[in-house]
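Data block for target_16.tsv (TSV, C-alpha atoms and all ligand atoms):
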```tsv
chain	number	residue	atom	x	y	z
Z	242	MET	CA	-15.36	19.00	26.05
Z	243	LYS	CA	-14.20	15.37	26.23
Z	244	CYS	CA	-11.74	13.34	24.18
Z	245	ARG	CA	-13.48	11.18	21.57
Z	246	LYS	CA	-11.18	8.26	22.25
Z	247	CYS	CA	-10.62	8.14	26.02
Z	248	LYS	CA	-13.17	10.66	27.44
Z	249	ALA	CA	-10.47	12.62	29.30
Z	250	LEU	CA	-10.63	16.43	29.24
Z	251	ALA	CA	-10.05	17.57	25.64
Z	252	ALA	CA	-7.22	19.92	24.64
Z	253	VAL	CA	-8.04	20.29	20.94
Z	254	ALA	CA	-11.52	20.76	19.48
Z	255	LEU	CA	-11.96	20.13	15.75
Z	256	PRO	CA	-15.34	21.41	14.57
Z	257	SER	CA	-14.69	20.40	10.95
Z	258	HIS	CA	-14.32	16.78	12.08
Z	259	ASN	CA	-17.01	17.27	14.71
Z	260	THR	CA	-14.70	15.90	17.39
Z	261	ALA	CA	-12.15	16.65	20.13
Z	262	PHE	CA	-9.06	14.98	21.57
Z	263	CYS	CA	-6.98	14.99	24.77
Z	264	PRO	CA	-3.20	15.71	24.62
Z	265	ASP	CA	-2.36	11.98	24.57
Z	266	CYS	CA	-4.77	10.93	21.84
Z	267	TYR	CA	-4.46	13.97	19.56
Z	268	PRO	CA	-1.00	13.15	18.08
Z	269	ASP	CA	-2.33	9.70	17.09
Z	270	PHE	CA	-5.16	11.37	15.19
Z	271	VAL	CA	-2.68	13.59	13.29
Z	272	ARG	CA	-0.36	10.68	12.53
Z	273	SER	CA	-3.23	8.60	11.21
Z	274	GLN	CA	-4.28	11.44	8.88
Z	275	VAL	CA	-0.78	11.50	7.41
Z	276	GLU	CA	-0.58	7.73	7.23
Z	277	ARG	CA	-3.89	7.67	5.34
Z	278	ALA	CA	-2.76	10.34	2.87
Z	279	VAL	CA	0.52	8.51	2.20
Z	280	HIS	CA	-1.30	5.24	1.71
Z	281	ARG	CA	-4.26	6.48	-0.32
Z	282	HIS	CA	-2.13	8.44	-2.80
Z	283	LYS	CA	0.74	5.89	-2.87
Z	284	MET	CA	3.15	8.66	-1.88
Z	285	ILE	CA	5.99	6.50	-0.57
Z	286	ALA	CA	6.94	3.03	-1.78
Z	287	PRO	CA	9.03	0.58	0.25
Z	288	GLY	CA	12.71	1.46	-0.13
Z	289	ASP	CA	12.02	5.08	-1.16
Z	290	ARG	CA	14.49	7.60	0.23
Z	291	VAL	CA	12.56	10.71	1.21
Z	292	LEU	CA	14.04	14.19	1.09
Z	293	VAL	CA	12.04	16.59	3.29
Z	294	ALA	CA	12.21	20.31	2.52
Z	295	VAL	CA	12.46	22.07	5.89
Z	296	SER	CA	12.06	25.79	6.52
Z	297	GLY	CA	12.24	25.78	10.31
Z	298	GLY	CA	8.50	26.46	10.57
Z	299	LYS	CA	6.06	24.16	12.33
Z	300	ASP	CA	4.72	22.45	9.22
Z	301	SER	CA	7.95	21.08	7.79
Z	302	LEU	CA	9.33	20.07	11.20
Z	303	ALA	CA	6.08	18.33	12.13
Z	304	LEU	CA	6.19	16.54	8.77
Z	305	THR	CA	9.73	15.32	9.47
Z	306	LEU	CA	8.70	13.97	12.86
Z	307	LEU	CA	5.57	12.28	11.48
Z	308	LEU	CA	7.33	10.59	8.55
Z	309	HIS	CA	10.11	9.45	10.86
Z	310	GLU	CA	7.61	8.01	13.33
Z	311	LEU	CA	5.82	6.25	10.51
Z	312	GLY	CA	9.11	4.46	9.76
Z	313	HIS	CA	10.20	6.26	6.58
Z	314	ASP	CA	13.81	6.94	5.66
Z	315	VAL	CA	13.99	10.76	5.89
Z	316	HIS	CA	16.72	13.27	5.16
Z	317	GLY	CA	16.21	17.03	5.64
Z	318	LEU	CA	17.22	19.78	3.26
Z	319	HIS	CA	17.19	23.39	4.36
Z	320	VAL	CA	17.91	26.30	2.02
Z	321	ASP	CA	19.56	29.16	3.94
Z	322	LEU	CA	18.17	32.29	2.27
Z	323	ASP	CA	20.45	34.72	4.10
Z	324	ILE	CA	17.60	37.07	5.01
Z	325	PRO	CA	18.54	39.27	8.00
Z	326	GLY	CA	16.31	38.82	11.03
Z	327	SER	CA	14.90	35.48	9.92
Z	328	SER	CA	17.30	33.06	8.22
Z	329	THR	CA	19.66	32.51	11.17
Z	330	ASP	CA	16.80	31.48	13.47
Z	331	ALA	CA	15.20	29.33	10.79
Z	332	ARG	CA	18.41	27.45	10.17
Z	333	ALA	CA	19.11	27.02	13.89
Z	334	ALA	CA	15.60	25.61	14.42
Z	335	CYS	CA	16.20	23.02	11.68
Z	336	GLU	CA	19.65	22.09	12.95
Z	337	GLY	CA	18.50	21.78	16.57
Z	338	PHE	CA	15.48	19.69	15.62
Z	339	PHE	CA	17.35	17.26	13.38
Z	340	ALA	CA	20.16	16.88	15.91
Z	341	LYS	CA	17.60	16.04	18.62
Z	342	LEU	CA	16.01	13.34	16.45
Z	343	GLY	CA	19.39	12.10	15.23
Z	344	LEU	CA	18.34	12.57	11.58
Z	345	PRO	CA	20.55	13.80	8.72
Z	346	LEU	CA	20.16	17.40	7.52
Z	347	THR	CA	21.86	19.20	4.65
Z	348	VAL	CA	21.95	23.00	4.40
Z	349	VAL	CA	22.31	24.73	1.04
Z	350	GLU	CA	23.51	28.33	1.41
Z	351	LEU	CA	22.22	30.67	-1.30
Z	352	ARG	CA	24.99	33.11	-0.42
Z	353	ARG	CA	27.51	30.62	-1.79
Z	354	GLU	CA	25.59	30.53	-5.06
Z	355	GLY	CA	25.75	34.33	-5.27
Z	356	LEU	CA	22.00	34.34	-4.68
Z	357	ALA	CA	21.44	35.64	-1.14
Z	358	ILE	CA	17.80	36.79	-1.18
Z	359	PRO	CA	18.44	40.44	-0.15
Z	360	LEU	CA	20.91	40.73	-3.04
Z	361	VAL	CA	18.52	39.10	-5.49
Z	362	LYS	CA	15.73	41.37	-4.23
Z	363	SER	CA	17.80	44.49	-4.82
Z	364	ARG	CA	18.73	43.46	-8.34
Z	365	ILE	CA	15.68	41.78	-9.81
Z	366	LYS	CA	12.48	43.68	-10.39
Z	367	ARG	CA	10.07	40.81	-9.84
Z	368	PRO	CA	8.06	39.94	-6.73
Z	369	ILE	CA	10.72	38.50	-4.44
Z	370	CYS	CA	8.54	35.64	-3.20
Z	371	SER	CA	8.13	34.19	-6.66
Z	372	VAL	CA	11.89	34.34	-7.28
Z	373	CYS	CA	12.63	32.97	-3.80
Z	374	GLY	CA	10.16	30.12	-4.30
Z	375	LYS	CA	11.72	29.30	-7.64
Z	376	LEU	CA	15.21	29.19	-6.13
Z	377	LYS	CA	14.10	26.95	-3.24
Z	378	ARG	CA	12.36	24.52	-5.59
Z	379	HIS	CA	15.39	24.45	-7.87
Z	380	TYR	CA	17.84	23.54	-5.10
Z	381	PHE	CA	15.53	20.92	-3.58
Z	382	ASN	CA	15.06	19.28	-6.96
Z	383	LYS	CA	18.72	19.50	-7.79
Z	384	PHE	CA	19.79	17.97	-4.49
Z	385	ALA	CA	17.25	15.15	-4.84
Z	386	LEU	CA	18.38	14.46	-8.42
Z	387	GLU	CA	22.08	14.48	-7.65
Z	388	ASN	CA	21.83	12.39	-4.50
Z	389	GLY	CA	19.38	9.70	-5.53
Z	390	TYR	CA	16.27	10.69	-3.55
Z	391	SER	CA	13.18	9.27	-5.19
Z	392	VAL	CA	10.71	11.36	-3.20
Z	393	LEU	CA	10.63	15.04	-2.28
Z	394	ALA	CA	8.23	15.85	0.59
Z	395	THR	CA	7.00	19.31	1.56
Z	396	GLY	CA	5.00	20.50	4.55
Z	397	HIS	CA	2.11	22.06	2.60
Z	398	ASN	CA	-1.08	21.89	4.61
Z	399	LEU	CA	-4.75	22.09	3.67
Z	400	ASP	CA	-4.80	25.88	4.07
Z	401	ASP	CA	-1.81	26.27	1.74
Z	402	GLU	CA	-3.38	23.98	-0.81
Z	403	VAL	CA	-6.80	25.59	-0.64
Z	404	SER	CA	-5.41	29.13	-0.99
Z	405	ARG	CA	-3.26	28.09	-3.93
Z	406	LEU	CA	-6.17	26.34	-5.60
Z	407	PHE	CA	-8.36	29.36	-4.92
Z	408	ALA	CA	-5.75	31.74	-6.38
Z	409	ASN	CA	-5.40	29.57	-9.48
Z	410	THR	CA	-9.17	29.33	-9.81
Z	411	ILE	CA	-9.65	33.08	-9.53
Z	412	ARG	CA	-7.28	33.43	-12.49
Z	413	TRP	CA	-8.53	30.23	-14.16
Z	414	ASP	CA	-4.90	29.31	-14.58
Z	415	ALA	CA	-5.44	26.09	-16.49
Z	416	SER	CA	-1.86	24.93	-16.51
Z	417	TYR	CA	-1.56	25.13	-12.71
Z	418	LEU	CA	-5.00	23.58	-12.33
Z	419	SER	CA	-3.88	20.65	-14.45
Z	420	ASP	CA	-1.31	19.38	-11.98
Z	421	GLN	CA	-2.00	20.82	-8.53
Z	422	GLY	CA	-2.43	18.05	-6.03
Z	423	PRO	CA	-0.86	16.10	-3.17
Z	424	VAL	CA	1.32	14.05	-5.53
Z	425	LEU	CA	3.26	15.07	-8.60
Z	426	PRO	CA	4.64	11.90	-10.22
Z	427	ALA	CA	8.33	11.61	-11.06
Z	428	ALA	CA	9.03	12.87	-14.57
Z	429	ASP	CA	11.94	13.99	-16.72
Z	430	GLY	CA	14.47	13.33	-14.01
Z	431	PHE	CA	12.48	15.08	-11.28
Z	432	ALA	CA	11.77	13.18	-8.07
Z	433	ARG	CA	8.15	12.46	-7.12
Z	434	LYS	CA	6.76	15.36	-5.08
Z	435	ILE	CA	4.44	14.67	-2.19
Z	436	LYS	CA	2.46	16.70	0.36
Z	437	PRO	CA	1.61	14.19	3.09
Z	438	MET	CA	-0.07	16.81	5.31
Z	439	TYR	CA	-2.46	18.13	2.67
Z	440	ARG	CA	-5.50	17.08	4.69
Z	441	LEU	CA	-4.37	18.77	7.91
Z	442	THR	CA	-5.12	22.42	8.58
Z	443	GLU	CA	-2.64	24.91	9.93
Z	444	PHE	CA	-4.56	24.86	13.19
Z	445	GLU	CA	-4.32	21.09	13.45
Z	446	ILE	CA	-0.58	21.14	12.80
Z	447	ALA	CA	-0.03	24.00	15.25
Z	448	ASN	CA	-1.73	21.96	17.98
Z	449	PHE	CA	0.35	18.92	17.13
Z	450	SER	CA	3.58	20.92	17.16
Z	451	PHE	CA	2.69	22.43	20.50
Z	452	LEU	CA	1.78	19.12	22.12
Z	453	ARG	CA	4.91	17.41	20.77
Z	454	GLY	CA	7.15	20.25	21.92
Z	455	ILE	CA	8.49	21.05	18.45
Z	456	ASP	CA	10.80	24.04	18.69
Z	457	HIS	CA	9.98	25.91	15.50
Z	458	VAL	CA	10.40	29.53	14.44
Z	459	ILE	CA	7.36	31.69	15.03
Z	460	ALA	CA	8.37	35.06	13.56
Z	461	GLY	CA	7.81	35.31	9.81
Z	462	CYS	CA	9.95	36.43	6.92
Z	463	PRO	CA	10.21	40.25	6.74
Z	464	TYR	CA	9.29	40.10	3.03
Z	465	SER	CA	6.13	38.04	3.45
Z	466	GLY	CA	3.82	41.09	3.64
Z	467	ARG	CA	3.48	41.27	-0.11
Z	468	ALA	CA	2.07	37.80	-0.60
Z	469	SER	CA	-1.60	37.43	-1.53
Z	470	PHE	CA	-2.10	34.06	0.14
Z	471	PRO	CA	-2.79	35.46	3.65
Z	472	VAL	CA	-5.82	37.29	2.20
Z	473	TYR	CA	-7.22	34.05	0.80
Z	474	LYS	CA	-6.43	32.18	4.01
Z	475	GLY	CA	-8.41	34.79	5.94
Z	476	LEU	CA	-11.38	34.46	3.60
Z	477	TRP	CA	-11.34	30.69	3.86
Z	478	SER	CA	-11.09	30.56	7.63
Z	479	GLY	CA	-14.19	32.78	7.79
Z	480	LEU	CA	-15.96	30.46	5.36
Z	481	GLU	CA	-14.90	27.32	7.23
Z	482	GLU	CA	-16.27	28.71	10.48
Z	483	ARG	CA	-19.69	29.07	8.91
Z	484	MET	CA	-19.50	25.92	6.78
Z	485	HIS	CA	-17.56	23.19	8.54
Z	486	GLY	CA	-15.67	21.03	6.07
Z	487	ALA	CA	-15.78	23.60	3.23
Z	488	LYS	CA	-12.02	23.51	2.72
Z	489	VAL	CA	-11.68	19.74	2.46
Z	490	GLN	CA	-14.67	19.62	0.16
Z	491	PHE	CA	-13.38	22.36	-2.17
Z	492	TYR	CA	-10.02	20.63	-2.43
Z	493	GLU	CA	-11.02	16.97	-2.57
Z	494	ASN	CA	-13.79	17.62	-5.09
Z	495	PHE	CA	-11.34	19.51	-7.26
Z	496	LEU	CA	-8.98	16.51	-7.17
Z	497	ARG	CA	-11.80	14.17	-8.09
Z	498	ASP	CA	-13.80	16.19	-10.63
Z	499	GLY	CA	-11.86	19.27	-11.67
Z	500	ARG	CA	-8.26	18.32	-12.09
Z	501	PRO	CA	-8.77	15.45	-14.58
Z	502	VAL	CA	-10.43	17.87	-17.01
Z	503	PHE	CA	-7.54	20.34	-16.83
Z	504	ALA	CA	-4.99	17.51	-17.00
Z	505	ALA	CA	-6.51	16.21	-20.24
Z	506	TRP	CA	-6.39	19.73	-21.69
Z	507	ALA	CA	-2.75	20.18	-20.65
Z	508	GLU	CA	-1.61	16.99	-22.35
Z	509	HIS	CA	-1.95	18.60	-25.75
Z	510	ARG	CA	0.22	21.56	-25.04
Z	511	GLU	CA	3.14	20.50	-22.89
Z	512	ASP	CA	6.58	21.82	-23.75
Z	513	PRO	CA	9.14	19.01	-23.66
Z	514	LEU	CA	11.96	19.39	-21.12
Z	515	SER	CA	15.63	19.24	-21.98
Z	516	PRO	CA	18.78	19.89	-19.93
Z	517	CYS	CA	19.70	23.56	-19.26
Z	518	THR	CA	22.61	24.43	-21.55
Z	519	VAL	CA	24.42	26.06	-18.61
Z	520	CYS	CA	23.83	23.75	-15.62
Z	521	GLY	CA	22.07	20.67	-16.96
Z	522	TYR	CA	18.89	21.07	-14.87
Z	523	PRO	CA	15.73	20.01	-16.77
Z	524	THR	CA	13.96	23.00	-18.33
Z	525	SER	CA	11.50	23.85	-21.12
Z	526	ALA	CA	13.70	26.78	-22.22
Z	527	ALA	CA	17.31	26.52	-23.39
Z	528	VAL	CA	18.63	28.09	-20.18
Z	529	CYS	CA	16.84	27.29	-16.90
Z	530	GLY	CA	15.12	29.95	-14.77
Z	531	VAL	CA	17.76	29.91	-12.04
Z	532	CYS	CA	20.65	30.38	-14.48
Z	533	ARG	CA	18.72	33.31	-15.97
Z	534	ILE	CA	18.31	34.79	-12.47
Z	535	LYS	CA	22.04	34.34	-11.85
Z	536	THR	CA	22.81	36.17	-15.10
Z	537	MET	CA	20.46	39.03	-14.18
Z	538	VAL	CA	21.99	39.35	-10.69
Z	539	ALA	CA	25.52	39.37	-12.14
Z	540	ALA	CA	24.61	41.81	-14.93
Z	541	ALA	CA	23.08	44.23	-12.42
Z	542	SER	CA	26.30	44.15	-10.37
Z	543	ASP	CA	28.35	45.15	-13.46
Z	544	THR	CA	26.15	48.16	-14.10
Z	545	PRO	CA	27.20	51.29	-12.21
Z	546	ASN	CA	24.55	53.26	-10.25
Z	547	THR	CA	22.22	50.35	-9.51
A	109	MET	CA	-7.63	40.78	35.70
A	110	ILE	CA	-6.84	38.18	33.05
A	111	GLN	CA	-3.44	38.80	31.48
A	112	VAL	CA	-3.30	37.93	27.76
A	113	ARG	CA	-0.20	37.87	25.57
A	114	LEU	CA	-0.56	37.68	21.78
A	115	GLU	CA	2.03	35.74	19.81
A	116	PRO	CA	3.90	36.24	17.58
A	117	GLN	CA	3.07	39.99	17.79
A	118	GLY	CA	4.06	40.21	21.46
A	119	ARG	CA	1.18	42.60	22.29
A	120	GLU	CA	-0.33	42.29	25.79
A	121	ILE	CA	-3.89	43.02	26.85
A	122	ARG	CA	-5.93	42.66	30.05
A	123	LEU	CA	-9.47	41.48	30.49
A	124	PRO	CA	-11.38	42.76	33.52
A	125	LYS	CA	-13.58	39.72	34.14
A	126	ALA	CA	-13.82	35.95	33.76
A	127	CYS	CA	-14.99	34.58	30.41
A	128	THR	CA	-14.53	31.58	28.10
A	129	ALA	CA	-11.68	30.97	25.67
A	130	LEU	CA	-14.21	31.44	22.86
A	131	LYS	CA	-15.22	34.86	24.19
A	132	LEU	CA	-11.57	35.86	24.35
A	133	LEU	CA	-10.98	34.84	20.73
A	134	ARG	CA	-14.08	36.75	19.62
A	135	GLU	CA	-12.91	39.79	21.56
A	136	LEU	CA	-9.62	39.61	19.67
A	137	GLY	CA	-11.41	39.19	16.34
A	138	LEU	CA	-9.99	35.69	15.87
A	139	GLY	CA	-11.73	32.59	14.58
A	140	ILE	CA	-11.78	29.48	16.77
A	141	ASN	CA	-9.40	27.73	14.40
A	142	SER	CA	-6.96	30.55	13.92
A	143	ALA	CA	-5.17	30.57	17.28
A	144	LEU	CA	-4.06	28.34	20.14
A	145	VAL	CA	-5.20	29.38	23.61
A	146	ILE	CA	-2.61	28.32	26.16
A	147	ARG	CA	-2.65	28.48	29.98
A	148	ASP	CA	0.29	27.19	32.02
A	149	GLY	CA	1.50	25.09	29.11
A	150	GLU	CA	-1.97	23.55	28.62
A	151	LEU	CA	-4.14	23.92	25.48
A	152	LEU	CA	-7.68	25.13	26.11
A	153	THR	CA	-10.70	24.29	23.95
A	154	PRO	CA	-13.12	27.20	23.24
A	155	ASP	CA	-15.58	26.12	25.96
A	156	ARG	CA	-12.97	26.36	28.78
A	157	ARG	CA	-13.35	29.08	31.42
A	158	LEU	CA	-10.70	31.70	32.00
A	159	ASN	CA	-10.48	33.03	35.54
A	160	ILE	CA	-9.26	36.20	37.18
A	161	GLY	CA	-5.52	35.88	37.76
A	162	ASP	CA	-4.94	33.61	34.73
A	163	GLU	CA	-2.04	34.24	32.38
A	164	ILE	CA	-3.03	33.30	28.86
A	165	VAL	CA	-1.05	33.08	25.64
A	166	VAL	CA	-2.96	33.38	22.36
A	167	ARG	CA	-0.78	32.16	19.49
A	168	THR	CA	-2.05	32.69	15.95
A	169	VAL	CA	-1.34	29.76	13.67
A	170	THR	CA	-0.80	31.26	10.21
A	171	SER	CA	2.51	29.98	8.92
A	172	ARG	CA	5.37	32.02	7.54
A	173	GLY	CA	5.91	32.34	3.80
U	1	LIG	S1	8.12	35.17	2.40
U	1	LIG	FE1	8.85	35.29	0.29
U	1	LIG	S2	10.99	35.96	0.47
U	1	LIG	FE2	10.36	35.27	2.51
U	1	LIG	S3	10.98	33.13	2.58
U	1	LIG	FE3	8.88	33.13	1.87
U	1	LIG	S4	9.02	33.15	-0.36
U	1	LIG	FE4	11.02	33.72	0.43
U	2	ZN	ZN	-7.84	10.79	24.86
U	3	ZN	ZN	20.61	26.14	-15.41
```
Produce structure tokens that represent the structure in this file.
Ligand code: SF4
Ligand SMILES: [Zn+2]
Ligand SMILES: [Zn+2]
Amino acid sequence: MKCRKCKALAAVALPSHNTAFCPDCYPDFVRSQVERAVHRHKMIAPGDRVLVAVSGGKDSLALTLLLHELGHDVHGLHVDLDIPGSSTDARAACEGFFAKLGLPLTVVELRREGLAIPLVKSRIKRPICSVCGKLKRHYFNKFALENGYSVLATGHNLDDEVSRLFANTIRWDASYLSDQGPVLPAADGFARKIKPMYRLTEFEIANFSFLRGIDHVIAGCPYSGRASFPVYKGLWSGLEERMHGAKVQFYENFLRDGRPVFAAWAEHREDPLSPCTVCGYPTSAAVCGVCRIKTMVAAASDTPNT
Amino acid sequence: MIQVRLEPQGREIRLPKACTALKLLRELGLGINSALVIRDGELLTPDRRLNIGDEIVVRTVTSRG
């Protein structure tokens, strides 16, 4: 197979784009996909300060590198979850990567908040990934709010987006379907949220990370086994192999034709946000979800025999 | 023999005879877009030939939670 641009021996074949690239030309292809997404969806305006949520995995580190190379002002935020056998490596990968690029990184330690994930897991009887996700989103938002970042970028890729959309569609979860997309506009004190890699697949990002020598963590979180997304990802990769371009089509057509319908529906029933009475974070309840989790964790520790 | 290491699982397998990267992926039950095939630090497209004596790394691409 030959590179589409320079005809050298190809290193990456992309059947869904019906093309292939050599190691020198491939990173340009990836960068241009991100540049197009940023431009088309007006993700970053001149002067925007971008906070990138980094986990230590390939997606968020690749995103950092790409936004930096495209000339954006990026700052990393990593939430240290304190999970044995995974958090130390994840944090070290982020710190090493940011130091190498000379970019600023802030680490929020959940342990200091009394919310180390193993503790939370032992005390709260809800699927840990949904609680963990909620905590991560809370601290990213909070940091962006308190430090004047206008944009919050995450490394979600096409496979993440398609499996989420698929999961929400299976449940016909209208409220999620009303605002899922690559951009969530700033509202009620929340920074704008963007997913500049939403058109790139996991495979495409993995190739980019390999060719650019990004030192990311490979081993997963020990609690990830319970998530349903891997099942959907498996189904979709089988589908994509038989129908090239199925993923992009499912997602882009939803953005164009499906989401507006759900968004119009949602407008009638939105709960207004007001500051959490405990911590001031915007919430539709009196006390925000994270303060409620903190209370549950603390209450469980006061109860003997738990 | 072709020596194949699977990442991140760390499992190793051997293939008795030469084949293509595509054949190897099929043998492992993997789709062409679900893993990188790496030889001596070089990425191989599915049509590339693997030869006796090669050491191959197959790295699945599904990201962590
Ligand atoms: S797999 Fe679940 S618990 Fe582990 S980091 Fe991801 S969301 Fe958190
Ligand atoms: Zn080329
Ligand atoms: Zn609160």
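Contacts from chain Z to chain A at a cut-off of 7 Å (only C-alpha atoms) map to Ala251, Ala252, Val253, Ala254, Glu443, Phe444, Ala447, Ile459, Ala460, Gly461, Cys462 and Ser465 of chain Z.
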Deliver the residues from the most recent selection as a file, using C-alpha atoms, as an mmCIF file, in the frame of the given file.
```cif
data_model
loop_
_atom_site.group_PDB
_atom_site.id
_atom_site.type_symbol
_atom_site.label_atom_id
_atom_site.label_comp_id
_atom_site.auth_asym_id
_atom_site.auth_seq_id
_atom_site.Cartn_x
_atom_site.Cartn_y
_atom_site.Cartn_z
ATOM 1 C CA ALA Z 251 -10.050 17.570 25.640
ATOM 2 C CA ALA Z 252 -7.220 19.920 24.640
ATOM 3 C CA VAL Z 253 -8.040 20.290 20.940
ATOM 4 C CA ALA Z 254 -11.520 20.760 19.480
ATOM 5 C CA GLU Z 443 -2.640 24.910 9.930
ATOM 6 C CA PHE Z 444 -4.560 24.860 13.190
ATOM 7 C CA ALA Z 447 -0.030 24.000 15.250
ATOM 8 C CA ILE Z 459 7.360 31.690 15.030
ATOM 9 C CA ALA Z 460 8.370 35.060 13.560
ATOM 10 C CA GLY Z 461 7.810 35.310 9.810
ATOM 11 C CA CYS Z 462 9.950 36.430 6.920
ATOM 12 C CA SER Z 465 6.130 38.040 3.450
#
```
Next item on the list: Let me have all residues with an atom within 12 Å of ligand ZN 3 (chain U), counting all atoms listed in the file, laid out as a PyMOL selection string.
Entry: chain Z and resi 376+379-380+383+515-536
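Here CA of Asn398 in chain Z is placed at a distance of 15.3 Å from atom FE3 of ligand LIG 1 (chain U).
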Note to self: Let me see if you get this right: every residue at most 12 Å from ligand LIG 1 (chain U), counting all atoms listed in the file, written as a PyMOL selection string.
What the structure shows: (chain Z and resi 295-298+319-328+331+351+357-362+367-378+460-471) or (chain A and resi 171-173)
Next item on the list: Can you pull out every residue within 8 Å of range 123-127 of chain A, counting only C-alpha atoms, but drop anything in the same chain fewer than 5 positions away, and send it as a PyMOL selection string?
Entry: chain A and resi 109-112+132+157-160
